[in-house]
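Pasting work-v1.cif here (mmCIF, C-alpha atoms):
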data_final
#
loop_
_atom_site.group_PDB
_atom_site.id
_atom_site.type_symbol
_atom_site.label_atom_id
_atom_site.label_comp_id
_atom_site.auth_asym_id
_atom_site.auth_seq_id
_atom_site.Cartn_x
_atom_site.Cartn_y
_atom_site.Cartn_z
ATOM 1 C CA MET A 1 115.329 146.243 156.507
ATOM 2 C CA GLU A 2 118.539 145.479 154.685
ATOM 3 C CA ILE A 3 120.295 147.334 151.888
ATOM 4 C CA ARG A 4 122.363 145.684 149.191
ATOM 5 C CA LYS A 5 123.602 146.504 145.712
ATOM 6 C CA ALA A 6 121.044 145.755 143.027
ATOM 7 C CA ASP A 7 121.829 143.017 140.530
ATOM 8 C CA ALA A 8 120.498 141.985 137.129
ATOM 9 C CA GLN A 9 117.935 139.642 138.710
ATOM 10 C CA ASP A 10 116.327 142.678 140.371
ATOM 11 C CA LEU A 11 115.810 144.585 137.116
ATOM 12 C CA GLN A 12 112.170 143.691 136.430
ATOM 13 C CA THR A 13 111.087 144.463 139.991
ATOM 14 C CA ILE A 14 112.986 147.768 139.906
ATOM 15 C CA LEU A 15 111.303 148.745 136.629
ATOM 16 C CA GLU A 16 107.911 147.934 138.173
ATOM 17 C CA ILE A 17 108.724 150.089 141.213
ATOM 18 C CA TYR A 18 109.736 152.960 138.925
ATOM 19 C CA ALA A 19 106.467 152.566 136.968
ATOM 20 C CA HIS A 20 104.528 152.733 140.233
ATOM 21 C CA ALA A 21 106.493 155.848 141.241
ATOM 22 C CA ARG A 22 105.640 157.564 137.937
ATOM 23 C CA ARG A 23 101.935 156.889 138.523
ATOM 24 C CA PHE A 24 102.179 158.065 142.141
ATOM 25 C CA MET A 25 103.914 161.297 141.145
ATOM 26 C CA ALA A 26 101.362 162.002 138.409
ATOM 27 C CA GLU A 27 98.475 161.376 140.825
ATOM 28 C CA HIS A 28 100.027 163.738 143.389
ATOM 29 C CA GLY A 29 100.556 166.787 141.181
ATOM 30 C CA ASN A 30 103.984 165.932 139.773
ATOM 31 C CA PRO A 31 103.404 164.474 136.286
ATOM 32 C CA THR A 32 106.546 165.833 134.624
ATOM 33 C CA GLN A 33 109.477 164.869 136.885
ATOM 34 C CA TRP A 34 109.703 161.348 135.468
ATOM 35 C CA GLY A 35 107.017 161.661 132.782
ATOM 36 C CA SER A 36 106.149 158.337 131.173
ATOM 37 C CA ASP A 37 109.629 156.933 130.660
ATOM 38 C CA ARG A 38 112.077 158.021 133.371
ATOM 39 C CA PRO A 39 114.329 156.574 134.472
ATOM 40 C CA PRO A 40 114.856 154.602 131.266
ATOM 41 C CA ARG A 41 115.693 150.912 131.362
ATOM 42 C CA SER A 42 119.132 151.567 129.841
ATOM 43 C CA GLN A 43 120.042 153.961 132.668
ATOM 44 C CA THR A 44 118.823 151.476 135.267
ATOM 45 C CA GLU A 45 120.905 148.718 133.687
ATOM 46 C CA ASP A 46 123.927 151.022 133.655
ATOM 47 C CA ASP A 47 123.394 151.985 137.310
ATOM 48 C CA ILE A 48 123.343 148.270 138.209
ATOM 49 C CA ARG A 49 126.409 147.493 136.096
ATOM 50 C CA ARG A 50 128.355 150.350 137.708
ATOM 51 C CA GLY A 51 127.394 149.188 141.221
ATOM 52 C CA ARG A 52 125.586 152.429 142.050
ATOM 53 C CA LEU A 53 121.997 151.145 142.317
ATOM 54 C CA TYR A 54 120.863 149.800 145.670
ATOM 55 C CA VAL A 55 117.757 148.026 146.895
ATOM 56 C CA CYS A 56 116.267 147.955 150.355
ATOM 57 C CA GLU A 57 114.672 144.640 151.223
ATOM 58 C CA ALA A 58 111.960 144.168 153.814
ATOM 59 C CA GLU A 59 110.321 140.839 154.571
ATOM 60 C CA GLY A 60 111.986 139.192 151.587
ATOM 61 C CA ARG A 61 110.915 141.715 148.966
ATOM 62 C CA ILE A 62 112.348 144.869 147.464
ATOM 63 C CA ALA A 63 110.781 147.797 149.287
ATOM 64 C CA CYS A 64 112.818 150.653 147.815
ATOM 65 C CA VAL A 65 115.398 151.341 145.113
ATOM 66 C CA PHE A 66 117.875 154.219 144.892
ATOM 67 C CA TYR A 67 121.072 155.398 143.250
ATOM 68 C CA PHE A 68 123.870 156.237 145.675
ATOM 69 C CA ALA A 69 127.426 157.293 144.969
ATOM 70 C CA GLN A 70 130.134 159.215 146.742
ATOM 71 C CA GLU A 71 131.228 161.278 143.798
ATOM 72 C CA GLU A 72 130.896 164.779 142.423
ATOM 73 C CA ASP A 73 127.694 165.305 140.473
ATOM 74 C CA PRO A 74 128.308 167.670 137.528
ATOM 75 C CA THR A 75 124.779 169.083 137.774
ATOM 76 C CA TYR A 76 125.579 170.313 141.300
ATOM 77 C CA ARG A 77 128.514 172.514 140.256
ATOM 78 C CA VAL A 78 126.256 175.525 139.681
ATOM 79 C CA ILE A 79 123.502 176.344 142.158
ATOM 80 C CA GLU A 80 121.133 179.308 141.892
ATOM 81 C CA ASP A 81 118.958 181.005 144.483
ATOM 82 C CA GLY A 82 121.136 179.828 147.366
ATOM 83 C CA ALA A 83 124.280 177.915 148.241
ATOM 84 C CA TRP A 84 125.307 174.462 149.407
ATOM 85 C CA LEU A 85 125.594 174.001 153.171
ATOM 86 C CA ALA A 86 129.023 172.380 152.951
ATOM 87 C CA ASP A 87 131.674 171.855 150.327
ATOM 88 C CA GLY A 88 134.064 168.953 150.195
ATOM 89 C CA PRO A 89 133.336 165.330 149.370
ATOM 90 C CA TYR A 90 129.675 164.397 149.358
ATOM 91 C CA GLY A 91 127.328 161.568 148.518
ATOM 92 C CA VAL A 92 124.410 161.800 146.125
ATOM 93 C CA VAL A 93 121.078 160.014 146.020
ATOM 94 C CA HIS A 94 119.068 159.898 142.818
ATOM 95 C CA ARG A 95 116.129 157.908 141.452
ATOM 96 C CA ILE A 96 114.749 156.828 144.821
ATOM 97 C CA ALA A 97 111.378 155.071 144.710
ATOM 98 C CA SER A 98 109.403 152.831 147.037
ATOM 99 C CA ALA A 99 107.314 149.788 146.195
ATOM 100 C CA PRO A 100 103.525 150.100 146.541
ATOM 101 C CA GLY A 101 102.321 149.802 150.122
ATOM 102 C CA THR A 102 105.780 150.364 151.581
ATOM 103 C CA ARG A 103 106.205 152.519 154.672
ATOM 104 C CA GLY A 104 109.485 153.918 155.976
ATOM 105 C CA ALA A 105 111.806 152.432 153.356
ATOM 106 C CA ALA A 106 112.808 155.740 151.751
ATOM 107 C CA THR A 107 113.591 157.141 155.205
ATOM 108 C CA TYR A 108 115.709 154.077 155.954
ATOM 109 C CA CYS A 109 117.587 154.431 152.650
ATOM 110 C CA LEU A 110 118.290 158.144 153.055
ATOM 111 C CA ASN A 111 119.504 157.621 156.620
ATOM 112 C CA TRP A 112 121.709 154.735 155.408
ATOM 113 C CA ALA A 113 123.251 156.911 152.690
ATOM 114 C CA PHE A 114 123.849 159.814 155.082
ATOM 115 C CA ALA A 115 125.538 157.487 157.588
ATOM 116 C CA ARG A 116 128.046 156.521 154.889
ATOM 117 C CA CYS A 117 129.117 160.008 153.882
ATOM 118 C CA GLY A 118 127.947 162.629 156.404
ATOM 119 C CA ASN A 119 127.388 165.105 153.570
ATOM 120 C CA LEU A 120 124.499 164.120 151.325
ATOM 121 C CA ARG A 121 122.934 165.946 148.392
ATOM 122 C CA ILE A 122 119.716 165.163 146.569
ATOM 123 C CA ASP A 123 117.453 167.041 144.182
ATOM 124 C CA THR A 124 113.798 166.797 143.296
ATOM 125 C CA HIS A 125 111.184 168.513 141.172
ATOM 126 C CA ALA A 126 109.479 171.645 142.527
ATOM 127 C CA ASP A 127 106.139 169.796 142.280
ATOM 128 C CA ASN A 128 107.324 166.777 144.300
ATOM 129 C CA ALA A 129 105.801 167.852 147.610
ATOM 130 C CA PRO A 130 105.924 164.368 149.201
ATOM 131 C CA MET A 131 109.690 164.076 148.647
ATOM 132 C CA GLN A 132 110.360 167.640 149.778
ATOM 133 C CA GLY A 133 108.369 166.967 152.942
ATOM 134 C CA LEU A 134 110.332 163.793 153.645
ATOM 135 C CA LEU A 135 113.653 165.535 153.094
ATOM 136 C CA ARG A 136 112.753 168.352 155.480
ATOM 137 C CA LYS A 137 111.531 165.841 158.062
ATOM 138 C CA LEU A 138 114.918 164.091 157.879
ATOM 139 C CA GLY A 139 116.870 167.313 158.412
ATOM 140 C CA PHE A 140 117.733 168.215 154.826
ATOM 141 C CA ALA A 141 117.744 171.905 153.944
ATOM 142 C CA ARG A 142 116.721 173.397 150.622
ATOM 143 C CA CYS A 143 119.895 174.989 149.295
ATOM 144 C CA GLY A 144 118.788 176.386 145.949
ATOM 145 C CA ARG A 145 118.024 175.350 142.391
ATOM 146 C CA ILE A 146 120.146 173.250 140.049
ATOM 147 C CA TYR A 147 119.586 172.155 136.468
ATOM 148 C CA ILE A 148 119.838 168.536 135.399
ATOM 149 C CA ALA A 149 121.472 167.444 132.138
ATOM 150 C CA ASP A 150 118.368 168.136 130.017
ATOM 151 C CA GLY A 151 118.124 171.691 131.399
ATOM 152 C CA SER A 152 115.160 171.046 133.698
ATOM 153 C CA PRO A 153 115.256 172.816 137.068
ATOM 154 C CA ARG A 154 115.347 170.875 140.326
ATOM 155 C CA GLU A 155 115.166 171.898 143.954
ATOM 156 C CA ALA A 156 118.498 171.050 145.605
ATOM 157 C CA PHE A 157 118.704 169.732 149.165
ATOM 158 C CA GLN A 158 121.607 168.857 151.423
ATOM 159 C CA LYS A 159 122.212 167.410 154.854
ATOM 160 C CA ALA A 160 125.682 167.763 156.368
ATOM 161 C CA ARG A 161 127.279 166.988 159.710
#

Could you quickly redo this structure as structure tokens?
Amino acid sequence: MEIRKADAQDLQTILEIYAHARRFMAEHGNPTQWGSDRPPRSQTEDDIRRGRLYVCEAEGRIACVFYFAQEEDPTYRVIEDGAWLADGPYGVVHRIASAPGTRGAATYCLNWAFARCGNLRIDTHADNAPMQGLLRKLGFARCGRIYIADGSPREAFQKAR
């Protein structure tokens, strides 16, 4: 597997992967995290333009897509029902989704991101049991609850060296 920054030519495939992820989440008890329209095309285009969206390729096709940045996330400033494991500079992963039939790509991407920063934060919906299970398997700890920009709660996870 190889990771590279997404570009405009990847947009349609990325949107298809996100559509698949929305269906998968709905079928597995998590219909509200991304609903029917998240992440929106405009946000995806902006993530690409800003150089923050990455794709993981396997066997010549995009296997996974994710947002990664080493920057402070304003929604992580306040955490309830717990505390972050470590302060200081950290990386964030958002909007991670795998293509249908893909195995191991999300693990590869999360390990790649952690290797770049050593202090990685991510959040997910309380109903997203598959993602929470993956995060725990990879050594992330649930740190508490944060609220995203629209006020919706998310379970906050972190892995730190």

Q.
Can you pull out the residues contacting range 85-94 of chain A? Cut-off 8 Å, using only C-alpha atoms, and skip same-chain residues under 5 positions away; I want them as a PyMOL selection string.
A. chain A and resi 66-73+110+113-114+117-123+143+158-160

**Q.** Residue IDs satisfying the PyMOL selection byres ((chain A and resi 3-19) around 9), as a PyMOL selection string
**A.** chain A and resi 1-2+20-24+36-41+44-45+47-49+51-57+62-65+95-100+109+112

Q: Determine the residue membership of the PyMOL selection byres ((chain A and resi 28) around 9) for the file above and supply it as a list in words.
A: Arg23, Phe24, Met25, Ala26, Glu27, Gly29, Asn30, Pro31, Asp127, Asn128, Ala129 and Pro130 of chain A

Q: Tell me which of A:Arg116, A:His125, A:Arg136, A:Arg77 sits closest to Arg161 in chain A, counting only C-alpha atoms.
A: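 When distances to Arg161 in chain A are compared using only C-alpha atoms, the smallest one comes from A:Arg116.
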
**Q.** Computed interatomic separation between CA of Gln132 in chain A and CA of Phe157 in chain A (Å)
**A.**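 Going from CA of Gln132 in chain A over to CA of Phe157 in chain A, I get 8.6 Å.
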
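CA of Ile79 in chain A sits 18.9 Å away from CA of Gln33 in chain A.
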
(Q) Between CA of Ala141 in chain A and CA of Trp84 in chain A, what distance in Å does the model show, to one decimal? (A)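 Rounded to one decimal, the two atoms are 9.2 Å apart.
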
Q: Name the residues captured by the PyMOL selection byres ((chain A and resi 144-148) around 8) when it is applied to the shown file; answer as a list in words.
A: Thr75, Tyr76, Val78, Ile79, Glu80, Asp81, Gly82, Ala83, Trp84, Asp123, Arg142, Cys143, Ala149, Asp150, Gly151, Ser152, Pro153, Arg154, Glu155, Ala156 and Phe157 of chain A

Would you mind exporting the chosen residues as a short mmCIF file (atom, residue, chain, number, x, y, z; two decimals), keeping the file's coordinate frame, restricted to C-alpha atoms?
data_model
loop_
_atom_site.label_atom_id
_atom_site.label_comp_id
_atom_site.auth_asym_id
_atom_site.auth_seq_id
_atom_site.Cartn_x
_atom_site.Cartn_y
_atom_site.Cartn_z
CA THR A 75 124.78 169.08 137.77
CA TYR A 76 125.58 170.31 141.30
CA VAL A 78 126.26 175.52 139.68
CA ILE A 79 123.50 176.34 142.16
CA GLU A 80 121.13 179.31 141.89
CA ASP A 81 118.96 181.00 144.48
CA GLY A 82 121.14 179.83 147.37
CA ALA A 83 124.28 177.92 148.24
CA TRP A 84 125.31 174.46 149.41
CA ASP A 123 117.45 167.04 144.18
CA ARG A 142 116.72 173.40 150.62
CA CYS A 143 119.90 174.99 149.29
CA ALA A 149 121.47 167.44 132.14
CA ASP A 150 118.37 168.14 130.02
CA GLY A 151 118.12 171.69 131.40
CA SER A 152 115.16 171.05 133.70
CA PRO A 153 115.26 172.82 137.07
CA ARG A 154 115.35 170.88 140.33
CA GLU A 155 115.17 171.90 143.95
CA ALA A 156 118.50 171.05 145.60
CA PHE A 157 118.70 169.73 149.16
#
